[in-house]
$ cat upload_27.csv   # CSV, C-alpha atoms and all ligand atoms
chain,number,residue,atom,x,y,z
W,538,MET,CA,30.4,-30.2,-76.4
W,539,ARG,CA,30.3,-27.1,-74.2
W,540,VAL,CA,27.8,-26.3,-71.5
W,541,SER,CA,27.1,-23.1,-69.6
W,542,PHE,CA,26.7,-22.8,-65.8
W,543,ASP,CA,26.2,-19.5,-63.9
W,544,ASN,CA,28.9,-17.3,-65.4
W,545,TYR,CA,31.3,-19.9,-66.8
W,546,VAL,CA,31.4,-22.5,-69.5
W,547,ILE,CA,32.5,-26.1,-69.3
W,548,GLU,CA,33.8,-28.1,-72.2
W,549,LEU,CA,33.0,-31.8,-71.7
W,550,CYS,CA,36.0,-34.1,-72.5
W,551,GLU,CA,36.1,-37.7,-73.6
W,552,ASP,CA,36.7,-40.1,-70.7
W,553,VAL,CA,36.2,-37.4,-68.1
W,554,TYR,CA,33.2,-37.3,-65.7
W,555,GLU,CA,30.4,-35.1,-66.9
W,556,PRO,CA,29.1,-32.7,-64.2
W,557,ALA,CA,25.9,-34.1,-62.7
W,558,GLU,CA,23.6,-33.7,-59.7
W,559,ASP,CA,26.4,-34.7,-57.3
W,560,SER,CA,28.7,-32.0,-58.7
W,561,PHE,CA,26.0,-29.4,-58.3
W,562,THR,CA,25.2,-30.6,-54.8
W,563,LEU,CA,28.9,-30.1,-53.8
W,564,LEU,CA,28.8,-26.6,-55.3
W,565,ASP,CA,25.6,-25.7,-53.4
W,566,ALA,CA,27.2,-27.0,-50.1
W,567,ILE,CA,30.2,-24.8,-50.7
W,568,ASP,CA,27.9,-21.8,-51.3
W,569,ALA,CA,26.0,-22.6,-48.2
W,570,ILE,CA,29.0,-21.4,-46.0
W,571,GLY,CA,31.1,-19.6,-48.6
W,572,LEU,CA,34.9,-19.4,-48.7
W,573,SER,CA,37.4,-16.8,-47.5
W,574,PRO,CA,40.6,-16.0,-49.5
W,575,GLY,CA,43.2,-18.8,-49.7
W,576,THR,CA,44.1,-21.9,-51.6
W,577,PHE,CA,41.5,-24.4,-52.7
W,578,ALA,CA,42.2,-28.0,-53.8
W,579,ASP,CA,39.7,-29.3,-56.2
W,580,VAL,CA,40.3,-33.0,-55.7
W,581,GLY,CA,39.1,-35.4,-58.4
W,582,SER,CA,38.7,-32.2,-60.5
W,583,GLY,CA,37.3,-33.9,-63.7
W,584,THR,CA,36.3,-31.0,-65.9
W,585,GLY,CA,37.4,-28.6,-63.2
W,586,ILE,CA,33.9,-27.3,-62.5
W,587,VAL,CA,34.3,-27.2,-58.7
W,588,GLY,CA,37.6,-25.3,-58.7
W,589,ILE,CA,36.4,-22.9,-61.4
W,590,HIS,CA,33.2,-22.2,-59.5
W,591,ALA,CA,35.2,-21.6,-56.3
W,592,SER,CA,37.7,-19.3,-58.0
W,593,LYS,CA,35.1,-17.3,-59.9
W,594,LYS,CA,32.8,-16.8,-56.9
W,595,TYR,CA,35.3,-16.5,-54.0
W,596,ARG,CA,38.6,-15.6,-55.7
W,597,VAL,CA,40.4,-18.5,-54.0
W,598,LYS,CA,43.5,-19.9,-55.8
W,599,PRO,CA,42.5,-23.3,-57.2
W,600,ILE,CA,44.7,-26.4,-57.3
W,601,PHE,CA,43.2,-29.0,-59.6
W,602,ILE,CA,44.2,-32.6,-58.8
W,603,ASP,CA,43.0,-35.8,-60.5
W,604,ILE,CA,44.3,-39.3,-60.8
W,605,ASN,CA,43.2,-39.4,-64.5
W,606,PRO,CA,45.6,-37.5,-66.8
W,607,LYS,CA,42.7,-36.7,-69.2
W,608,ALA,CA,40.9,-35.0,-66.4
W,609,VAL,CA,43.9,-32.9,-65.5
W,610,ARG,CA,44.1,-31.8,-69.1
W,611,CYS,CA,40.4,-31.1,-69.2
W,612,SER,CA,40.6,-29.0,-66.0
W,613,LYS,CA,43.4,-27.0,-67.6
W,614,LEU,CA,41.4,-26.5,-70.8
W,615,ASN,CA,38.4,-25.3,-68.8
W,616,ALA,CA,40.3,-23.1,-66.5
W,617,GLU,CA,41.9,-21.3,-69.5
W,618,LEU,CA,38.5,-21.0,-71.2
W,619,ASN,CA,37.2,-19.2,-68.1
W,620,GLY,CA,40.2,-17.1,-67.4
W,621,VAL,CA,41.0,-18.9,-64.2
W,622,GLU,CA,44.6,-19.3,-63.1
W,623,GLY,CA,45.6,-22.3,-61.0
W,624,SER,CA,47.9,-25.3,-60.6
W,625,PHE,CA,47.2,-28.7,-62.3
W,626,ILE,CA,48.5,-31.9,-60.7
W,627,LEU,CA,48.2,-35.5,-61.7
W,628,GLY,CA,48.0,-37.2,-58.3
W,629,ASP,CA,46.1,-39.0,-55.5
W,630,THR,CA,43.8,-37.0,-53.3
W,631,LEU,CA,45.8,-34.4,-51.3
W,632,LYS,CA,49.0,-36.4,-51.2
W,633,PRO,CA,51.0,-34.0,-53.5
W,634,LEU,CA,50.3,-31.1,-51.2
W,635,ARG,CA,51.9,-30.1,-47.8
W,636,TYR,CA,49.0,-27.8,-46.8
W,637,VAL,CA,46.0,-26.1,-48.3
W,638,ASP,CA,43.3,-23.8,-47.0
W,639,TYR,CA,40.3,-25.6,-48.5
W,640,ALA,CA,39.6,-28.9,-50.3
W,641,ALA,CA,36.6,-30.4,-51.9
W,642,PHE,CA,36.0,-33.9,-53.3
W,643,ASN,CA,33.1,-35.5,-55.2
W,644,PRO,CA,34.7,-39.0,-55.1
W,645,PRO,CA,33.8,-42.2,-56.9
W,646,TYR,CA,31.1,-43.4,-54.5
W,647,LEU,CA,29.4,-46.4,-56.2
W,648,PRO,CA,30.2,-49.7,-54.5
W,649,GLY,CA,32.4,-51.9,-56.8
W,650,GLU,CA,35.9,-52.2,-58.0
W,651,PRO,CA,36.9,-49.8,-60.7
W,652,GLU,CA,37.7,-51.6,-64.0
W,653,ASP,CA,40.0,-48.9,-65.4
W,654,ILE,CA,41.1,-45.3,-64.9
W,655,VAL,CA,37.9,-43.9,-66.4
W,656,ASP,CA,35.8,-46.0,-64.1
W,657,LYS,CA,37.8,-44.5,-61.2
W,658,ALA,CA,35.3,-41.6,-61.6
W,659,ARG,CA,32.4,-43.8,-60.3
W,660,SER,CA,33.5,-46.9,-58.5
W,661,GLY,CA,35.0,-46.5,-55.1
W,662,GLY,CA,35.7,-50.1,-53.9
W,663,GLU,CA,33.5,-52.4,-51.9
W,664,GLU,CA,31.6,-49.8,-49.9
W,665,GLY,CA,32.2,-47.0,-52.4
W,666,ILE,CA,34.4,-45.1,-49.9
W,667,GLU,CA,38.0,-46.2,-50.7
W,668,GLU,CA,39.0,-42.9,-52.2
W,669,ALA,CA,36.8,-40.9,-49.8
W,670,VAL,CA,38.7,-42.5,-46.9
W,671,LYS,CA,42.0,-41.5,-48.4
W,672,PHE,CA,40.8,-38.0,-48.7
W,673,VAL,CA,39.6,-37.9,-45.1
W,674,LYS,CA,43.0,-39.1,-43.8
W,675,GLU,CA,44.7,-36.4,-45.9
W,676,SER,CA,42.3,-33.7,-44.6
W,677,VAL,CA,44.4,-33.1,-41.5
W,678,LYS,CA,46.5,-31.0,-43.9
W,679,VAL,CA,43.5,-28.7,-44.7
W,680,ARG,CA,43.8,-25.5,-42.7
W,681,LYS,CA,40.2,-24.1,-43.0
W,682,GLY,CA,37.8,-26.9,-44.1
W,683,ALA,CA,37.3,-29.8,-46.4
W,684,PHE,CA,34.0,-30.7,-48.2
W,685,LEU,CA,33.3,-34.3,-49.0
W,686,LEU,CA,30.3,-35.6,-50.9
W,687,LEU,CA,28.8,-39.0,-50.0
W,688,THR,CA,25.6,-40.7,-50.8
W,689,ALA,CA,23.1,-43.1,-49.1
W,690,PHE,CA,25.0,-45.9,-50.9
W,691,ASN,CA,27.9,-45.3,-48.5
W,692,PRO,CA,28.4,-45.9,-44.8
W,693,VAL,CA,28.4,-42.2,-43.9
W,694,GLU,CA,28.6,-42.8,-40.1
W,695,LYS,CA,31.7,-44.9,-40.6
W,696,VAL,CA,33.4,-42.1,-42.6
W,697,ILE,CA,32.5,-39.6,-39.9
W,698,ARG,CA,33.8,-41.8,-37.1
W,699,LEU,CA,37.1,-42.2,-39.0
W,700,ALA,CA,37.5,-38.5,-39.4
W,701,GLU,CA,36.8,-37.9,-35.7
W,702,SER,CA,39.2,-40.7,-34.7
W,703,ILE,CA,42.1,-38.7,-36.4
W,704,GLY,CA,41.1,-35.5,-34.6
W,705,LEU,CA,39.0,-33.8,-37.2
W,706,HIS,CA,35.7,-32.0,-36.4
W,707,THR,CA,32.8,-33.0,-38.6
W,708,ARG,CA,29.5,-31.4,-39.6
W,709,VAL,CA,26.9,-32.7,-42.0
W,710,LEU,CA,26.7,-29.5,-43.9
W,711,PHE,CA,24.1,-30.4,-46.5
W,712,THR,CA,21.7,-33.1,-47.5
W,713,ARG,CA,19.6,-33.4,-50.5
W,714,THR,CA,17.5,-36.0,-52.3
W,715,ILE,CA,17.2,-35.8,-56.1
W,716,ALA,CA,15.5,-38.5,-58.2
W,717,GLY,CA,15.5,-40.9,-55.3
W,718,GLU,CA,19.3,-40.4,-54.6
W,719,ARG,CA,20.3,-39.0,-51.2
W,720,TYR,CA,23.4,-36.9,-51.1
W,721,TYR,CA,25.4,-35.8,-48.0
W,722,VAL,CA,28.1,-33.2,-47.9
W,723,ILE,CA,30.3,-33.6,-44.9
W,724,TYR,CA,32.5,-30.7,-43.7
W,725,LEU,CA,35.8,-31.6,-42.0
W,726,TYR,CA,37.9,-29.1,-40.1
W,727,THR,CA,40.7,-29.1,-37.7
W,728,GLY,CA,39.5,-26.1,-35.8
W,729,GLU,CA,42.8,-24.3,-36.3
W,730,GLY,CA,41.9,-22.4,-39.5
Q,1,LIG,C1,32.6,-38.2,-59.6
Q,1,LIG,S1,34.0,-37.6,-60.5
Q,1,LIG,C2,33.9,-35.8,-60.0
Q,1,LIG,C3,34.4,-34.9,-61.1
Q,1,LIG,C4,34.1,-33.4,-60.8
Q,1,LIG,N1,34.8,-33.0,-59.6
Q,1,LIG,C5,32.7,-33.2,-60.7
Q,1,LIG,O1,32.2,-33.0,-59.5
Q,1,LIG,O2,32.0,-33.1,-61.7
Q,1,LIG,C6,35.4,-38.2,-59.5
Q,1,LIG,C7,36.7,-37.7,-60.0
Q,1,LIG,O3,37.7,-38.2,-59.1
Q,1,LIG,C8,38.8,-38.7,-59.7
Q,1,LIG,N2,39.5,-39.5,-58.7
Q,1,LIG,C9,39.2,-40.8,-58.3
Q,1,LIG,N3,40.0,-41.2,-57.4
Q,1,LIG,C10,40.9,-40.2,-57.2
Q,1,LIG,C11,42.0,-40.0,-56.3
Q,1,LIG,N4,42.4,-40.9,-55.4
Q,1,LIG,N5,42.7,-38.8,-56.3
Q,1,LIG,C12,42.4,-37.9,-57.2
Q,1,LIG,N6,41.3,-38.0,-58.1
Q,1,LIG,C13,40.6,-39.1,-58.0
Q,1,LIG,C14,38.3,-39.4,-61.0
Q,1,LIG,O4,39.3,-39.5,-62.0
Q,1,LIG,C15,37.2,-38.4,-61.3
Q,1,LIG,O5,37.7,-37.3,-62.2
$ encode --input "upload_27.csv" --output "structure tokens"
Amino acid sequence: MRVSFDNYVIELCEDVYEPAEDSFTLLDAIDAIGLSPGTFADVGSGTGIVGIHASKKYRVKPIFIDINPKAVRCSKLNAELNGVEGSFILGDTLKPLRYVDYAAFNPPYLPGEPEDIVDKARSGGEEGIEEAVKFVKESVKVRKGAFLLLTAFNPVEKVIRLAESIGLHTRVLFTRTIAGERYYVIYLYTGEG
């Protein structure tokens, strides 16, 4: 099945997270401050919607990274469908990269242990922040800024304290409640970019 958003189309792929309110909240947070030219890591890319949006709107060079091989293939399919050029990496958060200008992650945030690779899209360990914490630790490699979505299920303050303890500046860029679910987008930056 194919769905249209703004000026792009997204093919939904089996065993790959379907864009939802969390995905759109992350896009709106990115749009709230915009991006300047550079590289952009779409971490946990799923269908590739975040990197495609960023590339189409801000002409950044996207790098799609996901831990699920089906998601990497799906991101590639959708990038091609939308005439977006980028790199496609099967990997864990920002570990495959040395540096990048921007990064964004809509992580698995539900508390609980993932049962399989498909469930890695939703379940993020006991507090729902296991993958988010990995991303925060890797965000010291991000030159301009990193966007991280969290929800009221998560200990947001704990993630912010962790980021600050490794020298990152933090800003709660965006909050929104939809259908009783509260989302936060945290912006992490080194201050050097
Ligand atoms: C909630 S989905 C978000 C998908 C897409 N970015 C969106 O917003 O619609 C989370 C994605 O992160 C991927 N993922 C989970 N842990 C990861 C990790 N450590 N490194 C890279 N990708 C990961 C999952 O496979 C899944 O595709």
$ closest_residue --input "upload_27.csv" --among "W:Leu725, W:Leu618, W:Ala658, W:Ala716" --to "ligand LIG 1 (chain Q)" --atoms "all atoms listed in the file"
W:Ala658
$ closest_residue --input "upload_27.csv" --among "W:Gly665, W:Pro648, W:Pro599, W:Pro556" --to "ligand LIG 1 (chain Q)" --atoms "all atoms listed in the file"
W:Pro556
$ residues_around --input "upload_27.csv" --residues "W:Ala640" --least-positions-apart "3" --cutoff "12 Å" --atoms "all atoms listed in the file" --output "ChimeraX atom specification"
/W:563,567,572,575-582,587-588,591,597-602,630-631,634,636-637,643,672-673,675-686,723-726
$ closest_atom_pairs --input "upload_27.csv" --of "chain W" --to "ligand LIG 1 (chain Q)" --cutoff "8 Å" --atoms "only C-alpha atoms and all ligand atoms" --output "Markdown table"
| residue | atom | partner | partner_atom | distance |
| --- | --- | --- | --- | --- |
| W:Val553 | CA | Q:LIG1 | O5 | 6.1 |
| W:Tyr554 | CA | Q:LIG1 | S1 | 5.3 |
| W:Glu555 | CA | Q:LIG1 | O2 | 5.8 |
| W:Pro556 | CA | Q:LIG1 | O2 | 3.8 |
| W:Ala557 | CA | Q:LIG1 | O2 | 6.3 |
| W:Asp559 | CA | Q:LIG1 | O1 | 6.4 |
| W:Ser560 | CA | Q:LIG1 | O1 | 3.7 |
| W:Phe561 | CA | Q:LIG1 | O1 | 7.3 |
| W:Leu563 | CA | Q:LIG1 | O1 | 7.2 |
| W:Asp579 | CA | Q:LIG1 | N1 | 7.0 |
| W:Val580 | CA | Q:LIG1 | C12 | 5.5 |
| W:Gly581 | CA | Q:LIG1 | O3 | 3.2 |
| W:Ser582 | CA | Q:LIG1 | N1 | 4.1 |
| W:Gly583 | CA | Q:LIG1 | O5 | 3.7 |
| W:Thr584 | CA | Q:LIG1 | C4 | 6.1 |
| W:Gly585 | CA | Q:LIG1 | N1 | 6.3 |
| W:Ile586 | CA | Q:LIG1 | O2 | 6.2 |
| W:Val587 | CA | Q:LIG1 | N1 | 5.9 |
| W:Ile602 | CA | Q:LIG1 | C12 | 5.8 |
| W:Asp603 | CA | Q:LIG1 | N6 | 3.7 |
| W:Ile604 | CA | Q:LIG1 | N6 | 4.2 |
| W:Asn605 | CA | Q:LIG1 | O4 | 4.6 |
| W:Ala608 | CA | Q:LIG1 | O5 | 5.8 |
| W:Leu627 | CA | Q:LIG1 | C12 | 7.7 |
| W:Gly628 | CA | Q:LIG1 | C12 | 5.7 |
| W:Asp629 | CA | Q:LIG1 | N5 | 3.5 |
| W:Thr630 | CA | Q:LIG1 | N5 | 3.7 |
| W:Leu631 | CA | Q:LIG1 | N5 | 7.3 |
| W:Phe642 | CA | Q:LIG1 | N1 | 6.5 |
| W:Asn643 | CA | Q:LIG1 | C2 | 4.9 |
| W:Pro644 | CA | Q:LIG1 | C6 | 4.5 |
| W:Pro645 | CA | Q:LIG1 | C1 | 5.0 |
| W:Tyr646 | CA | Q:LIG1 | C1 | 7.4 |
| W:Ile654 | CA | Q:LIG1 | O4 | 6.7 |
| W:Val655 | CA | Q:LIG1 | O4 | 6.4 |
| W:Asp656 | CA | Q:LIG1 | O4 | 7.7 |
| W:Lys657 | CA | Q:LIG1 | C9 | 4.9 |
| W:Ala658 | CA | Q:LIG1 | C15 | 3.7 |
| W:Arg659 | CA | Q:LIG1 | C1 | 5.6 |
| W:Gly661 | CA | Q:LIG1 | N3 | 7.6 |
| W:Glu668 | CA | Q:LIG1 | N4 | 5.1 |
| W:Ala669 | CA | Q:LIG1 | N4 | 7.9 |
| W:Lys671 | CA | Q:LIG1 | N4 | 7.0 |
| W:Phe672 | CA | Q:LIG1 | N4 | 7.5 |
$ closest_residue --input "upload_27.csv" --among "W:Thr727, W:Glu718, W:Leu687, W:Lys593" --to "W:Leu705" --atoms "only C-alpha atoms"
W:Thr727
$ build_atoms --input "upload_27.csv" --residues "stretch 609-643 of chain W" --atoms "N, CA and C atoms" --output "PDB file, keeping the file's coordinate frame"
ATOM      1  N   VAL W 609      43.002 -34.070 -65.761  1.00  0.00           N
ATOM      2  CA  VAL W 609      43.900 -32.900 -65.500  1.00  0.00           C
ATOM      3  C   VAL W 609      43.965 -32.021 -66.694  1.00  0.00           C
ATOM      4  N   ARG W 610      44.087 -32.611 -67.879  1.00  0.00           N
ATOM      5  CA  ARG W 610      44.100 -31.800 -69.100  1.00  0.00           C
ATOM      6  C   ARG W 610      42.818 -31.050 -69.308  1.00  0.00           C
ATOM      7  N   CYS W 611      41.704 -31.733 -69.002  1.00  0.00           N
ATOM      8  CA  CYS W 611      40.400 -31.100 -69.200  1.00  0.00           C
ATOM      9  C   CYS W 611      40.187 -29.951 -68.205  1.00  0.00           C
ATOM     10  N   SER W 612      40.656 -30.126 -66.970  1.00  0.00           N
ATOM     11  CA  SER W 612      40.600 -29.000 -66.000  1.00  0.00           C
ATOM     12  C   SER W 612      41.348 -27.818 -66.487  1.00  0.00           C
ATOM     13  N   LYS W 613      42.525 -28.085 -67.077  1.00  0.00           N
ATOM     14  CA  LYS W 613      43.400 -27.000 -67.600  1.00  0.00           C
ATOM     15  C   LYS W 613      42.692 -26.258 -68.715  1.00  0.00           C
ATOM     16  N   LEU W 614      42.137 -27.036 -69.627  1.00  0.00           N
ATOM     17  CA  LEU W 614      41.400 -26.500 -70.800  1.00  0.00           C
ATOM     18  C   LEU W 614      40.293 -25.545 -70.281  1.00  0.00           C
ATOM     19  N   ASN W 615      39.517 -26.059 -69.314  1.00  0.00           N
ATOM     20  CA  ASN W 615      38.400 -25.300 -68.800  1.00  0.00           C
ATOM     21  C   ASN W 615      38.783 -24.072 -68.005  1.00  0.00           C
ATOM     22  N   ALA W 616      39.849 -24.228 -67.240  1.00  0.00           N
ATOM     23  CA  ALA W 616      40.300 -23.100 -66.500  1.00  0.00           C
ATOM     24  C   ALA W 616      40.726 -21.970 -67.459  1.00  0.00           C
ATOM     25  N   GLU W 617      41.450 -22.335 -68.506  1.00  0.00           N
ATOM     26  CA  GLU W 617      41.900 -21.300 -69.500  1.00  0.00           C
ATOM     27  C   GLU W 617      40.669 -20.691 -70.188  1.00  0.00           C
ATOM     28  N   LEU W 618      39.703 -21.524 -70.539  1.00  0.00           N
ATOM     29  CA  LEU W 618      38.500 -21.000 -71.200  1.00  0.00           C
ATOM     30  C   LEU W 618      37.777 -19.963 -70.364  1.00  0.00           C
ATOM     31  N   ASN W 619      37.894 -20.116 -69.043  1.00  0.00           N
ATOM     32  CA  ASN W 619      37.200 -19.200 -68.100  1.00  0.00           C
ATOM     33  C   ASN W 619      38.074 -18.183 -67.463  1.00  0.00           C
ATOM     34  N   GLY W 620      39.311 -18.085 -67.958  1.00  0.00           N
ATOM     35  CA  GLY W 620      40.200 -17.100 -67.400  1.00  0.00           C
ATOM     36  C   GLY W 620      40.588 -17.329 -65.960  1.00  0.00           C
ATOM     37  N   VAL W 621      40.625 -18.612 -65.563  1.00  0.00           N
ATOM     38  CA  VAL W 621      41.000 -18.900 -64.200  1.00  0.00           C
ATOM     39  C   VAL W 621      42.419 -19.434 -64.130  1.00  0.00           C
ATOM     40  N   GLU W 622      43.209 -18.852 -63.237  1.00  0.00           N
ATOM     41  CA  GLU W 622      44.600 -19.300 -63.100  1.00  0.00           C
ATOM     42  C   GLU W 622      44.671 -20.277 -61.915  1.00  0.00           C
ATOM     43  N   GLY W 623      45.456 -21.333 -62.101  1.00  0.00           N
ATOM     44  CA  GLY W 623      45.600 -22.300 -61.000  1.00  0.00           C
ATOM     45  C   GLY W 623      46.731 -23.246 -61.275  1.00  0.00           C
ATOM     46  N   SER W 624      46.841 -24.274 -60.426  1.00  0.00           N
ATOM     47  CA  SER W 624      47.900 -25.300 -60.600  1.00  0.00           C
ATOM     48  C   SER W 624      47.124 -26.597 -60.996  1.00  0.00           C
ATOM     49  N   PHE W 625      47.822 -27.455 -61.721  1.00  0.00           N
ATOM     50  CA  PHE W 625      47.200 -28.700 -62.300  1.00  0.00           C
ATOM     51  C   PHE W 625      48.110 -29.844 -61.923  1.00  0.00           C
ATOM     52  N   ILE W 626      47.588 -30.783 -61.154  1.00  0.00           N
ATOM     53  CA  ILE W 626      48.500 -31.900 -60.700  1.00  0.00           C
ATOM     54  C   ILE W 626      47.823 -33.216 -60.944  1.00  0.00           C
ATOM     55  N   LEU W 627      48.631 -34.108 -61.508  1.00  0.00           N
ATOM     56  CA  LEU W 627      48.200 -35.500 -61.700  1.00  0.00           C
ATOM     57  C   LEU W 627      48.602 -36.184 -60.350  1.00  0.00           C
ATOM     58  N   GLY W 628      47.616 -36.589 -59.567  1.00  0.00           N
ATOM     59  CA  GLY W 628      48.000 -37.200 -58.300  1.00  0.00           C
ATOM     60  C   GLY W 628      46.793 -37.730 -57.534  1.00  0.00           C
ATOM     61  N   ASP W 629      47.107 -38.246 -56.359  1.00  0.00           N
ATOM     62  CA  ASP W 629      46.100 -39.000 -55.500  1.00  0.00           C
ATOM     63  C   ASP W 629      45.689 -38.107 -54.363  1.00  0.00           C
ATOM     64  N   THR W 630      44.438 -37.808 -54.315  1.00  0.00           N
ATOM     65  CA  THR W 630      43.800 -37.000 -53.300  1.00  0.00           C
ATOM     66  C   THR W 630      44.698 -35.759 -52.932  1.00  0.00           C
ATOM     67  N   LEU W 631      45.020 -35.562 -51.652  1.00  0.00           N
ATOM     68  CA  LEU W 631      45.800 -34.400 -51.300  1.00  0.00           C
ATOM     69  C   LEU W 631      47.294 -34.751 -51.068  1.00  0.00           C
ATOM     70  N   LYS W 632      47.664 -35.960 -51.495  1.00  0.00           N
ATOM     71  CA  LYS W 632      49.000 -36.400 -51.200  1.00  0.00           C
ATOM     72  C   LYS W 632      50.111 -35.508 -51.801  1.00  0.00           C
ATOM     73  N   PRO W 633      49.891 -34.888 -52.983  1.00  0.00           N
ATOM     74  CA  PRO W 633      51.000 -34.000 -53.500  1.00  0.00           C
ATOM     75  C   PRO W 633      51.159 -32.729 -52.729  1.00  0.00           C
ATOM     76  N   LEU W 634      50.265 -32.376 -51.824  1.00  0.00           N
ATOM     77  CA  LEU W 634      50.300 -31.100 -51.200  1.00  0.00           C
ATOM     78  C   LEU W 634      50.830 -31.195 -49.716  1.00  0.00           C
ATOM     79  N   ARG W 635      51.482 -30.117 -49.225  1.00  0.00           N
ATOM     80  CA  ARG W 635      51.900 -30.100 -47.800  1.00  0.00           C
ATOM     81  C   ARG W 635      50.698 -29.543 -46.975  1.00  0.00           C
ATOM     82  N   TYR W 636      50.183 -28.398 -47.429  1.00  0.00           N
ATOM     83  CA  TYR W 636      49.000 -27.800 -46.800  1.00  0.00           C
ATOM     84  C   TYR W 636      48.162 -27.111 -47.811  1.00  0.00           C
ATOM     85  N   VAL W 637      46.906 -26.895 -47.459  1.00  0.00           N
ATOM     86  CA  VAL W 637      46.000 -26.100 -48.300  1.00  0.00           C
ATOM     87  C   VAL W 637      44.920 -25.543 -47.416  1.00  0.00           C
ATOM     88  N   ASP W 638      44.320 -24.439 -47.829  1.00  0.00           N
ATOM     89  CA  ASP W 638      43.300 -23.800 -47.000  1.00  0.00           C
ATOM     90  C   ASP W 638      41.969 -24.584 -47.041  1.00  0.00           C
ATOM     91  N   TYR W 639      41.545 -24.888 -48.276  1.00  0.00           N
ATOM     92  CA  TYR W 639      40.300 -25.600 -48.500  1.00  0.00           C
ATOM     93  C   TYR W 639      40.505 -26.792 -49.412  1.00  0.00           C
ATOM     94  N   ALA W 640      39.626 -27.794 -49.296  1.00  0.00           N
ATOM     95  CA  ALA W 640      39.600 -28.900 -50.300  1.00  0.00           C
ATOM     96  C   ALA W 640      38.199 -29.352 -50.465  1.00  0.00           C
ATOM     97  N   ALA W 641      37.913 -29.865 -51.650  1.00  0.00           N
ATOM     98  CA  ALA W 641      36.600 -30.400 -51.900  1.00  0.00           C
ATOM     99  C   ALA W 641      36.740 -31.648 -52.800  1.00  0.00           C
ATOM    100  N   PHE W 642      35.919 -32.662 -52.538  1.00  0.00           N
ATOM    101  CA  PHE W 642      36.000 -33.900 -53.300  1.00  0.00           C
ATOM    102  C   PHE W 642      34.625 -34.495 -53.517  1.00  0.00           C
ATOM    103  N   ASN W 643      34.293 -34.685 -54.786  1.00  0.00           N
ATOM    104  CA  ASN W 643      33.100 -35.500 -55.200  1.00  0.00           C
ATOM    105  C   ASN W 643      33.727 -36.801 -55.653  1.00  0.00           C
TER     106      ASN W 643
END
